[in-house]
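**Student:** My questions will all concern the structure given below.
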Amino acid sequence: MPRKYYRVDDFRLAAQQRMPRVIFDYVDGAAGFETSSHLNREVIEQVRLLPRVLVDIRQRELAKNFLGRTWGLPFGIAPMGMCNLAWPHTDKVFASAAVDHDIPVCLSTFGSSSIEDMGKRASGNGWFQLYVGPSVDDAMDLVQRAEDTGYEYLLLTVDVPVVSARPREQRQGFEAPFRMRPRQFVDFAVHPQWVFHTLVNGVPKPANVVSTGNKGNKLTFTRNEIRGHIDWQFLDQLRERWPGKLILKGVLSTDDAVRIRDAGVDAVYVSNHGGRQLDAAPAAIDMLPEIRQAVGADYPLIFDSGLRNGEGIIKALALGADFVMLGRPFLYASGADGQRGVFRLVDMLKNEMLLAMAQIGCTDVSHLDQNVLV
Ligand SMILES: Cc1cc2nc3c(=O)[nH]c(=O)nc-3n(C[C@H](O)[C@H](O)[C@H](O)COP(=O)(O)O)c2cc1C
């Protein structure tokens with residue numbers, strides 16, 4: 001019997017049942033007490049939208065102009081490492097959902113698909129997310145591969161100087177690259193469907209930075225190695241090097257945002273990494289209006305962290321984002337129901353946006369601003 005999914009939490013629950021706990025806790029978990037992860041959601045829920053009446057809302061536009069082109073919807077799929085652990089072929093499914101709905105999908109440096117493979121599948125909808133490990137040269141090799149493959153959008157993530165302690169991962173013995181350990185035997189035994197499909201398709205490995213024996217894949221760095229040696233000079237170097245759109249991900253400070261804008265970066269991506277880095281960090285949504293004010297009305301801003309429905313997306317756009325991303329919801333959807341789940345999630349978010357826009361009398365997503373907030 002196909003399950004019925006009416007909100008993101010339905011996917012989350014189903015994913016929790018289908019995935020081994022070690023994988024679910026990798027996806028769902030966060031840093032420390034998980035306070036900032038919970039806060040992200042709570043603060044977004046507290047934002048209120050103001051219903052308006054007597055507006056002809058028969059036509060409502062969700063397409064959005066952003067960073068040089070029009071996207072089918074104002075949201076995309078955030079970069080996440082090792083997505084295929086959620087369920088086999090998750091990357092492929094994300095790429096086809098991105099092409100189908102004309103939205104961006106970001107391949108992580110720790111993605112389970114190669115830059116080239118994802119580039120082919122997602123074509124103009126694929127963005128590449130860069131982490132810089134101990135070797136800048138190796139990072140520049142990844143940049144070169146992204147350029148050769150035809151990516152036009154490069155996203156440098158800067159909020160992981162070190163990988164934070166995530167107690168749920170630690171408790172379950174989660175390791176990257178992922179290995180099935182004897183201590184997880186019971187966990188796997190009670191999730192036979194995941195184990196069967198994962199073994200049949202091969203346990204996913206990072207496809208770009210860890211040697212898999214394929215030519216061209218070098219051991220550049222592992223997950224827990226330090227990424228915090230890059231500085232503003234590196235940013236200048238990367239800006240000079242990358243001809244396409246450059247986006248900086250993981251910004252919460254207004255001073256940083258202004259400096260990044262002044263360094264010639266095309267967009268700032270406001271995020272607290274879904275609460276996975278500094279547990280004492282503010283809810284990302286709380287910083288969005290200040291950052292908008294600091295960088296000016298026209299400077300491109302992306303937002304993620306804690307969005308779980310269409311109303312949340314509308315709130316983030318009203319609070320100053322031009323575009324938003326969602327992370328975990330896409331992994332829950334894939335873990336819950338594979339391709340059907342991911343396509344259902346996009347439709348759900350889209351319909352939720354259309355419903356909310358009708359209630360607040362907004363006919364074009366590009367018109368959302370502070371006036372729709374209480
Ligand atoms: C399992 C998982 C892996 C992630 N891996 C990366 C990554 O490799 N690079 C990156 O920039 N962000 C990574 N993120 C952070 C997401 O891009 C995004 O900022 C976050 O998930 C947004 O919060 P949300 O999950 O509440 O939507 C990861 C998030 C999750 C849940």
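Ordered as shown in the structure tokens, chains take letters A, B, and onward, while each chain numbers its residues from 1 and ligands are numbered from 1 in the order shown.
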Per residue of chain A within 6 Å of ligand 1, which atom pair is closest and at what distance in Å (one decimal), using only C-alpha atoms and all ligand atoms, listed by chain and increasing number, as a Markdown table?

**Tutor:**
```
| residue | atom | partner | partner_atom_place_in_ligand_line | distance |
| --- | --- | --- | --- | --- |
| A:Tyr26 | CA | ligand 1 | 1 (C) | 5.8 |
| A:Val27 | CA | ligand 1 | 1 (C) | 4.0 |
| A:Ala78 | CA | ligand 1 | 17 (O) | 4.4 |
| A:Pro79 | CA | ligand 1 | 17 (O) | 4.2 |
| A:Met80 | CA | ligand 1 | 5 (N) | 3.3 |
| A:Gly81 | CA | ligand 1 | 8 (O) | 3.9 |
| A:Ser108 | CA | ligand 1 | 8 (O) | 4.6 |
| A:Phe110 | CA | ligand 1 | 8 (O) | 5.3 |
| A:Thr157 | CA | ligand 1 | 11 (O) | 4.9 |
| A:Ser271 | CA | ligand 1 | 19 (O) | 5.9 |
| A:His273 | CA | ligand 1 | 19 (O) | 3.7 |
| A:Gly274 | CA | ligand 1 | 23 (O) | 3.3 |
| A:Asp304 | CA | ligand 1 | 22 (C) | 5.0 |
| A:Ser305 | CA | ligand 1 | 23 (O) | 3.4 |
| A:Gly306 | CA | ligand 1 | 26 (O) | 3.6 |
| A:Leu307 | CA | ligand 1 | 27 (O) | 5.5 |
| A:Leu326 | CA | ligand 1 | 27 (O) | 3.9 |
| A:Gly327 | CA | ligand 1 | 27 (O) | 3.6 |
| A:Arg328 | CA | ligand 1 | 25 (O) | 3.8 |
```

**Student:** Keeping C-alpha atoms, export the residues of the selection given above as a compact mmCIF listing (two decimals), in the first residue's frame.

**Tutor:**
```
# COMPACT_ATOMS: atom_id res chain seq x y z
CA TYR A 26 23.30 11.04 10.33
CA VAL A 27 20.55 12.74 8.32
CA ALA A 78 20.73 22.04 -0.63
CA PRO A 79 24.12 20.32 -0.90
CA MET A 80 24.34 17.22 1.25
CA GLY A 81 27.13 14.70 1.55
CA SER A 108 28.36 18.30 -2.36
CA PHE A 110 31.18 14.72 -0.36
CA THR A 157 30.79 26.42 2.07
CA SER A 271 22.50 29.33 6.81
CA HIS A 273 24.03 24.42 8.32
CA GLY A 274 20.68 23.17 9.61
CA ASP A 304 18.27 27.63 4.32
CA SER A 305 17.93 25.98 7.74
CA GLY A 306 14.66 24.76 9.17
CA LEU A 307 12.27 25.18 6.23
CA LEU A 326 15.89 22.74 1.77
CA GLY A 327 18.14 19.96 3.02
CA ARG A 328 16.80 17.18 5.24
```

**Student:** Mind checking which residues fall within 9 Å of Lys92 in chain A, counting only C-alpha atoms, ignoring those fewer than 5 positions away in the same chain, and posting them as a CSV table (one decimal) with N, CA and C atoms, in the first residue's frame?

**Tutor:**
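Done, and the output landed in around_27.csv:
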```
chain,number,residue,atom,x,y,z
A,84,ASN,N,23.2,9.2,-1.2
A,84,ASN,CA,22.8,7.8,-1.6
A,84,ASN,C,22.7,6.9,-0.4
A,97,ALA,N,14.4,15.3,-10.5
A,97,ALA,CA,13.4,16.2,-9.9
A,97,ALA,C,13.8,17.7,-10.3
A,113,SER,N,27.9,11.0,-6.0
A,113,SER,CA,28.0,10.9,-7.4
A,113,SER,C,29.2,11.8,-7.8
A,118,MET,N,26.9,13.8,-12.2
A,118,MET,CA,25.8,14.7,-11.7
A,118,MET,C,25.6,15.8,-12.7
A,121,ARG,N,23.6,14.6,-15.6
A,121,ARG,CA,22.2,14.3,-15.3
A,121,ARG,C,21.4,15.6,-15.0
A,122,ALA,N,22.0,16.5,-14.2
A,122,ALA,CA,21.3,17.7,-13.8
A,122,ALA,C,21.4,18.9,-14.8
A,339,GLN,N,12.0,7.8,-5.6
A,339,GLN,CA,11.7,8.9,-6.6
A,339,GLN,C,10.3,9.4,-6.3
```

**Student:** Using only C-alpha atoms, which residues of range 261-338 of chain A come within 12 Å of range 33-43 of chain A, and what is the closest atom pair for each, with the distance in Å to one decimal? Give it as CSV, sorted by chain and residue number.

**Tutor:**
```
residue,atom,partner,partner_atom,distance
A:Ser271,CA,A:Asn40,CA,9.8
A:Asn272,CA,A:Ser36,CA,8.1
A:His273,CA,A:Ser37,CA,8.8
A:Gly274,CA,A:Ser37,CA,5.7
A:Gly275,CA,A:Ser37,CA,4.0
A:Arg276,CA,A:Ser37,CA,7.1
A:Gln277,CA,A:Ser36,CA,9.0
A:Leu278,CA,A:Ser36,CA,7.7
A:Asp279,CA,A:Ser36,CA,5.2
A:Ala280,CA,A:Ser36,CA,6.4
A:Ala281,CA,A:Ser36,CA,6.1
A:Pro282,CA,A:Ser36,CA,6.5
A:Ala283,CA,A:Asn40,CA,4.6
A:Ala284,CA,A:Asn40,CA,6.4
A:Ile285,CA,A:Asn40,CA,6.9
A:Asp286,CA,A:Val43,CA,7.5
A:Met287,CA,A:Asn40,CA,11.0
A:Leu288,CA,A:Asn40,CA,11.9
A:Phe303,CA,A:Asn40,CA,11.7
A:Asp304,CA,A:Asn40,CA,9.4
A:Ser305,CA,A:Asn40,CA,6.1
A:Gly306,CA,A:Arg41,CA,4.7
A:Leu307,CA,A:Arg41,CA,6.8
A:Arg308,CA,A:Arg41,CA,7.7
A:Asn309,CA,A:Arg41,CA,10.4
A:Gly312,CA,A:Arg41,CA,9.0
A:Ile313,CA,A:Arg41,CA,11.8
A:Lys315,CA,A:Val43,CA,10.8
A:Ala316,CA,A:Val43,CA,11.1
A:Arg328,CA,A:Ser37,CA,11.2
```

**Student:** Using only C-alpha atoms, can you tell me which of A:Pro206, A:Phe323, A:Ala30, A:Leu345 comes closest to Asn65 in chain A?

**Tutor:**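 Looking at the shortest contact to Asn65 in chain A, the residue is A:Phe323.
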
**Student:** Can you tell me how far CA of Ile260 in chain A sits from CA of Val295 in chain A, in Å to one decimal?

**Tutor:**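 Straight-line distance from CA of Ile260 in chain A to CA of Val295 in chain A works out to 9.5 Å.
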
**Student:** So, counting only C-alpha atoms, which residue among A:Leu155, A:Ala189, A:Ile115, A:Leu49 is closest to Leu246 in chain A?

**Tutor:**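 Of the candidates, the smallest distance to Leu246 in chain A is held by A:Leu155.
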
**Student:** At a cut-off of 9 Å, using only C-alpha atoms, what residues contact range 56-61 of chain A? Leave out same-chain residues fewer than 4 positions from it and give the result as an mmCIF file with all heavy atoms, in the first residue's frame.

**Tutor:**
```
data_model
loop_
_atom_site.group_PDB
_atom_site.id
_atom_site.type_symbol
_atom_site.label_atom_id
_atom_site.label_comp_id
_atom_site.auth_asym_id
_atom_site.auth_seq_id
_atom_site.Cartn_x
_atom_site.Cartn_y
_atom_site.Cartn_z
ATOM 1 N N LEU A 73 10.771 27.244 -9.763
ATOM 2 C CA LEU A 73 10.258 27.452 -8.408
ATOM 3 C C LEU A 73 11.322 28.224 -7.631
ATOM 4 O O LEU A 73 12.502 28.166 -7.984
ATOM 5 C CB LEU A 73 9.995 26.092 -7.726
ATOM 6 C CG LEU A 73 8.906 25.212 -8.359
ATOM 7 C CD1 LEU A 73 8.985 23.778 -7.821
ATOM 8 C CD2 LEU A 73 7.528 25.803 -8.080
ATOM 9 N N LEU A 354 1.293 27.792 -3.138
ATOM 10 C CA LEU A 354 0.160 28.376 -3.866
ATOM 11 C C LEU A 354 -1.014 28.659 -2.926
ATOM 12 O O LEU A 354 -1.656 29.713 -3.020
ATOM 13 C CB LEU A 354 -0.285 27.430 -4.994
ATOM 14 C CG LEU A 354 0.678 27.348 -6.186
ATOM 15 C CD1 LEU A 354 0.272 26.224 -7.130
ATOM 16 C CD2 LEU A 354 0.746 28.692 -6.932
ATOM 17 N N MET A 357 -0.133 31.674 -0.754
ATOM 18 C CA MET A 357 -0.166 32.924 -1.527
ATOM 19 C C MET A 357 -1.597 33.394 -1.740
ATOM 20 O O MET A 357 -1.884 34.595 -1.702
ATOM 21 C CB MET A 357 0.574 32.747 -2.859
ATOM 22 C CG MET A 357 2.089 32.774 -2.672
ATOM 23 S SD MET A 357 2.991 32.235 -4.117
ATOM 24 C CE MET A 357 2.635 33.540 -5.286
ATOM 25 N N ALA A 358 -2.507 32.435 -1.952
ATOM 26 C CA ALA A 358 -3.918 32.810 -2.118
ATOM 27 C C ALA A 358 -4.446 33.467 -0.835
ATOM 28 O O ALA A 358 -5.165 34.462 -0.887
ATOM 29 C CB ALA A 358 -4.743 31.573 -2.459
ATOM 30 N N GLN A 359 -4.063 32.919 0.306
ATOM 31 C CA GLN A 359 -4.575 33.467 1.583
ATOM 32 C C GLN A 359 -4.036 34.875 1.859
ATOM 33 O O GLN A 359 -4.707 35.683 2.471
ATOM 34 C CB GLN A 359 -4.169 32.592 2.785
ATOM 35 C CG GLN A 359 -4.359 31.101 2.622
ATOM 36 C CD GLN A 359 -5.790 30.706 2.395
ATOM 37 O OE1 GLN A 359 -6.696 31.293 2.967
ATOM 38 N NE2 GLN A 359 -6.002 29.726 1.540
ATOM 39 N N GLY A 361 -3.091 36.986 -0.472
ATOM 40 C CA GLY A 361 -3.373 37.886 -1.601
ATOM 41 C C GLY A 361 -2.142 38.226 -2.414
ATOM 42 O O GLY A 361 -1.996 39.360 -2.895
ATOM 43 N N CYS A 362 -1.259 37.252 -2.594
ATOM 44 C CA CYS A 362 -0.032 37.511 -3.369
ATOM 45 C C CYS A 362 -0.089 36.710 -4.670
ATOM 46 O O CYS A 362 -0.283 35.491 -4.644
ATOM 47 C CB CYS A 362 1.193 37.113 -2.541
ATOM 48 S SG CYS A 362 2.717 37.280 -3.464
ATOM 49 N N THR A 363 0.097 37.366 -5.793
ATOM 50 C CA THR A 363 -0.036 36.669 -7.073
ATOM 51 C C THR A 363 1.311 36.363 -7.718
ATOM 52 O O THR A 363 1.363 35.690 -8.740
ATOM 53 C CB THR A 363 -0.878 37.508 -8.065
ATOM 54 O OG1 THR A 363 -0.272 38.806 -8.158
ATOM 55 C CG2 THR A 363 -2.317 37.627 -7.599
ATOM 56 N N ASP A 364 2.386 36.862 -7.150
ATOM 57 C CA ASP A 364 3.709 36.596 -7.743
ATOM 58 C C ASP A 364 4.734 36.493 -6.616
ATOM 59 O O ASP A 364 4.869 37.421 -5.803
ATOM 60 C CB ASP A 364 4.091 37.742 -8.694
ATOM 61 C CG ASP A 364 5.325 37.404 -9.514
ATOM 62 O OD1 ASP A 364 6.203 36.669 -9.001
ATOM 63 O OD2 ASP A 364 5.411 37.880 -10.655
ATOM 64 N N VAL A 365 5.437 35.377 -6.615
ATOM 65 C CA VAL A 365 6.392 35.114 -5.557
ATOM 66 C C VAL A 365 7.483 36.189 -5.495
ATOM 67 O O VAL A 365 8.058 36.442 -4.441
ATOM 68 C CB VAL A 365 6.940 33.673 -5.770
ATOM 69 C CG1 VAL A 365 8.048 33.632 -6.779
ATOM 70 C CG2 VAL A 365 7.316 33.013 -4.486
ATOM 71 N N SER A 366 7.711 36.848 -6.619
ATOM 72 C CA SER A 366 8.730 37.900 -6.640
ATOM 73 C C SER A 366 8.272 39.160 -5.902
ATOM 74 O O SER A 366 9.073 40.053 -5.644
ATOM 75 C CB SER A 366 9.093 38.274 -8.079
ATOM 76 O OG SER A 366 9.503 37.127 -8.752
#
```

**Student:** Among range 74-290 of chain A, which residues carry a DSSP assignment of strand (DSSP E), reported as JSON, numbers by chain?

**Tutor:** {"A": [75, 76, 77, 78, 79, 80, 105, 106, 107, 126, 127, 128, 129, 130, 153, 154, 155, 156, 157, 245, 246, 247, 248, 249, 250, 251, 267, 268, 269, 270]}

**Student:** With distances taken over only C-alpha atoms, which residue among A:Glu290, A:Val163, A:Ala297, A:Met19 lies nearest Glu225 in chain A?

**Tutor:**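 Using only C-alpha atoms, Glu225 in chain A sits closest to A:Val163.
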
**Student:** Between A:Arg223, A:Val158, A:Pro192, A:Pro182, which is the closest to Tyr269 in chain A once you count only C-alpha atoms?

**Tutor:** A:Val158

**Student:** Using only C-alpha atoms, find the one residue out of A:Asp262, A:Leu373, A:Glu311, A:Ala95 that sits nearest to Glu45 in chain A.

**Tutor:**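 Among the listed residues, A:Glu311 lies closest to Glu45 in chain A.
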
**Student:** With only C-alpha atoms as the atoms that count, which of A:Gly32, A:Gly124, A:Pro88, A:Gly72 lies nearest to His197 in chain A?

**Tutor:**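 Closest to His197 in chain A, using only C-alpha atoms: A:Pro88.
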
**Student:** Would you kindly return, as a ChimeraX atom specification, each protein, DNA or RNA residue with an atom no farther than 9 Å from any atom of Arg292 in chain A, considering only C-alpha atoms and excluding same-chain residues fewer than 6 positions away?

**Tutor:** /A:254,298-299,301,319-321

**Student:** So that I can see what lies close to His191 in chain A, please list as an MDAnalysis selection string the residues with an atom at most 10 Å from it, counting only C-alpha atoms and leaving out residues fewer than 4 positions away in the same chain.

**Tutor:** chainID A and resid 17:21 186:187 195:196

**Student:** Export, as a PDB file, in the first residue's frame, the selected residues with C-alpha atoms.

**Tutor:**
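Saved file again11.pdb follows:
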```
ATOM      1  CA  GLN A  17      11.166   3.381   9.792  1.00  0.00           C
ATOM      2  CA  ARG A  18      12.947   2.400   6.560  1.00  0.00           C
ATOM      3  CA  MET A  19      16.490   3.623   7.255  1.00  0.00           C
ATOM      4  CA  PRO A  20      18.830   2.032   9.761  1.00  0.00           C
ATOM      5  CA  ARG A  21      19.159   4.213  12.822  1.00  0.00           C
ATOM      6  CA  VAL A 186      20.892  -5.441  14.959  1.00  0.00           C
ATOM      7  CA  ASP A 187      20.176  -2.054  13.392  1.00  0.00           C
ATOM      8  CA  VAL A 195      20.277  -3.323   3.547  1.00  0.00           C
ATOM      9  CA  PHE A 196      19.111  -5.331   0.547  1.00  0.00           C
TER      10      PHE A 196
END
```

**Student:** Find the residues near Phe343 in chain A: any atom within 12 Å, counting only C-alpha atoms, skip ones fewer than 2 places away on the same chain, and give them as number ranges by chain.

**Tutor:** A: 5, 90, 93-101, 329-331, 333-334, 336-341, 345-350

**Student:** Write out the residues from the selection above, keeping N, CA and C atoms, as a PDB file, in the first residue's frame.

**Tutor:**
```pdb
ATOM      1  N   TYR A   5       1.435  10.943   2.145  1.00  0.00           N
ATOM      2  CA  TYR A   5       2.312  11.964   2.723  1.00  0.00           C
ATOM      3  C   TYR A   5       1.629  13.318   2.597  1.00  0.00           C
ATOM      4  N   THR A  90      19.594   8.212  -4.757  1.00  0.00           N
ATOM      5  CA  THR A  90      19.013   9.492  -4.344  1.00  0.00           C
ATOM      6  C   THR A  90      19.537  10.636  -5.210  1.00  0.00           C
ATOM      7  N   VAL A  93      17.759  10.718  -8.463  1.00  0.00           N
ATOM      8  CA  VAL A  93      16.376  11.170  -8.283  1.00  0.00           C
ATOM      9  C   VAL A  93      16.338  12.687  -8.080  1.00  0.00           C
ATOM     10  N   PHE A  94      17.280  13.189  -7.294  1.00  0.00           N
ATOM     11  CA  PHE A  94      17.342  14.649  -7.085  1.00  0.00           C
ATOM     12  C   PHE A  94      17.577  15.343  -8.422  1.00  0.00           C
ATOM     13  N   ALA A  95      18.488  14.780  -9.208  1.00  0.00           N
ATOM     14  CA  ALA A  95      18.793  15.421 -10.498  1.00  0.00           C
ATOM     15  C   ALA A  95      17.553  15.418 -11.384  1.00  0.00           C
ATOM     16  N   SER A  96      16.809  14.294 -11.399  1.00  0.00           N
ATOM     17  CA  SER A  96      15.658  14.301 -12.309  1.00  0.00           C
ATOM     18  C   SER A  96      14.543  15.200 -11.788  1.00  0.00           C
ATOM     19  N   ALA A  97      14.391  15.286 -10.462  1.00  0.00           N
ATOM     20  CA  ALA A  97      13.385  16.229  -9.918  1.00  0.00           C
ATOM     21  C   ALA A  97      13.793  17.666 -10.253  1.00  0.00           C
ATOM     22  N   ALA A  98      15.099  17.940 -10.185  1.00  0.00           N
ATOM     23  CA  ALA A  98      15.581  19.301 -10.465  1.00  0.00           C
ATOM     24  C   ALA A  98      15.309  19.674 -11.924  1.00  0.00           C
ATOM     25  N   VAL A  99      15.587  18.719 -12.834  1.00  0.00           N
ATOM     26  CA  VAL A  99      15.366  19.006 -14.251  1.00  0.00           C
ATOM     27  C   VAL A  99      13.863  19.152 -14.521  1.00  0.00           C
ATOM     28  N   ASP A 100      13.092  18.224 -13.955  1.00  0.00           N
ATOM     29  CA  ASP A 100      11.655  18.220 -14.184  1.00  0.00           C
ATOM     30  C   ASP A 100      10.979  19.515 -13.730  1.00  0.00           C
ATOM     31  N   HIS A 101      11.394  20.011 -12.573  1.00  0.00           N
ATOM     32  CA  HIS A 101      10.754  21.217 -12.009  1.00  0.00           C
ATOM     33  C   HIS A 101      11.558  22.479 -12.279  1.00  0.00           C
ATOM     34  N   PRO A 329      14.519  17.663   4.357  1.00  0.00           N
ATOM     35  CA  PRO A 329      13.242  17.184   3.796  1.00  0.00           C
ATOM     36  C   PRO A 329      13.436  16.334   2.543  1.00  0.00           C
ATOM     37  N   PHE A 330      14.434  16.678   1.722  1.00  0.00           N
ATOM     38  CA  PHE A 330      14.645  15.895   0.501  1.00  0.00           C
ATOM     39  C   PHE A 330      15.202  14.505   0.809  1.00  0.00           C
ATOM     40  N   LEU A 331      16.041  14.410   1.832  1.00  0.00           N
ATOM     41  CA  LEU A 331      16.550  13.075   2.200  1.00  0.00           C
ATOM     42  C   LEU A 331      15.457  12.242   2.874  1.00  0.00           C
ATOM     43  N   ALA A 333      12.332  12.417   2.130  1.00  0.00           N
ATOM     44  CA  ALA A 333      11.421  12.001   1.057  1.00  0.00           C
ATOM     45  C   ALA A 333      12.005  10.833   0.273  1.00  0.00           C
ATOM     46  N   SER A 334      13.307  10.902   0.009  1.00  0.00           N
ATOM     47  CA  SER A 334      13.931   9.809  -0.729  1.00  0.00           C
ATOM     48  C   SER A 334      13.984   8.557   0.132  1.00  0.00           C
ATOM     49  N   ALA A 336      12.004   7.754   2.462  1.00  0.00           N
ATOM     50  CA  ALA A 336      10.647   7.252   2.699  1.00  0.00           C
ATOM     51  C   ALA A 336      10.104   6.528   1.481  1.00  0.00           C
ATOM     52  N   ASP A 337      10.324   7.114   0.298  1.00  0.00           N
ATOM     53  CA  ASP A 337       9.617   6.568  -0.866  1.00  0.00           C
ATOM     54  C   ASP A 337      10.356   6.802  -2.189  1.00  0.00           C
ATOM     55  N   GLY A 338      11.685   6.913  -2.122  1.00  0.00           N
ATOM     56  CA  GLY A 338      12.482   7.021  -3.348  1.00  0.00           C
ATOM     57  C   GLY A 338      12.016   8.144  -4.261  1.00  0.00           C
ATOM     58  N   GLN A 339      12.011   7.847  -5.555  1.00  0.00           N
ATOM     59  CA  GLN A 339      11.661   8.864  -6.552  1.00  0.00           C
ATOM     60  C   GLN A 339      10.258   9.436  -6.330  1.00  0.00           C
ATOM     61  N   ARG A 340       9.315   8.520  -6.030  1.00  0.00           N
ATOM     62  CA  ARG A 340       7.938   8.993  -5.790  1.00  0.00           C
ATOM     63  C   ARG A 340       7.898  10.003  -4.659  1.00  0.00           C
ATOM     64  N   GLY A 341       8.682   9.714  -3.612  1.00  0.00           N
ATOM     65  CA  GLY A 341       8.711  10.584  -2.439  1.00  0.00           C
ATOM     66  C   GLY A 341       9.247  11.964  -2.786  1.00  0.00           C
ATOM     67  N   LEU A 345       7.271  15.411  -2.704  1.00  0.00           N
ATOM     68  CA  LEU A 345       7.682  16.526  -1.832  1.00  0.00           C
ATOM     69  C   LEU A 345       7.674  17.847  -2.607  1.00  0.00           C
ATOM     70  N   VAL A 346       8.237  17.823  -3.810  1.00  0.00           N
ATOM     71  CA  VAL A 346       8.276  19.084  -4.576  1.00  0.00           C
ATOM     72  C   VAL A 346       6.847  19.566  -4.849  1.00  0.00           C
ATOM     73  N   ASP A 347       5.967  18.638  -5.230  1.00  0.00           N
ATOM     74  CA  ASP A 347       4.570  19.023  -5.489  1.00  0.00           C
ATOM     75  C   ASP A 347       3.909  19.564  -4.227  1.00  0.00           C
ATOM     76  N   MET A 348       4.216  18.914  -3.114  1.00  0.00           N
ATOM     77  CA  MET A 348       3.615  19.342  -1.851  1.00  0.00           C
ATOM     78  C   MET A 348       4.041  20.769  -1.507  1.00  0.00           C
ATOM     79  N   LEU A 349       5.347  21.034  -1.618  1.00  0.00           N
ATOM     80  CA  LEU A 349       5.856  22.377  -1.281  1.00  0.00           C
ATOM     81  C   LEU A 349       5.263  23.425  -2.219  1.00  0.00           C
ATOM     82  N   LYS A 350       5.165  23.024  -3.480  1.00  0.00           N
ATOM     83  CA  LYS A 350       4.617  23.939  -4.481  1.00  0.00           C
ATOM     84  C   LYS A 350       3.147  24.263  -4.168  1.00  0.00           C
TER      85      LYS A 350
END
```

**Student:** Could you jot down the CA of Ile23 in chain A to CA of Val203 in chain A separation for me, Å, one decimal place?

**Tutor:**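 It comes out at 12.2 Å.
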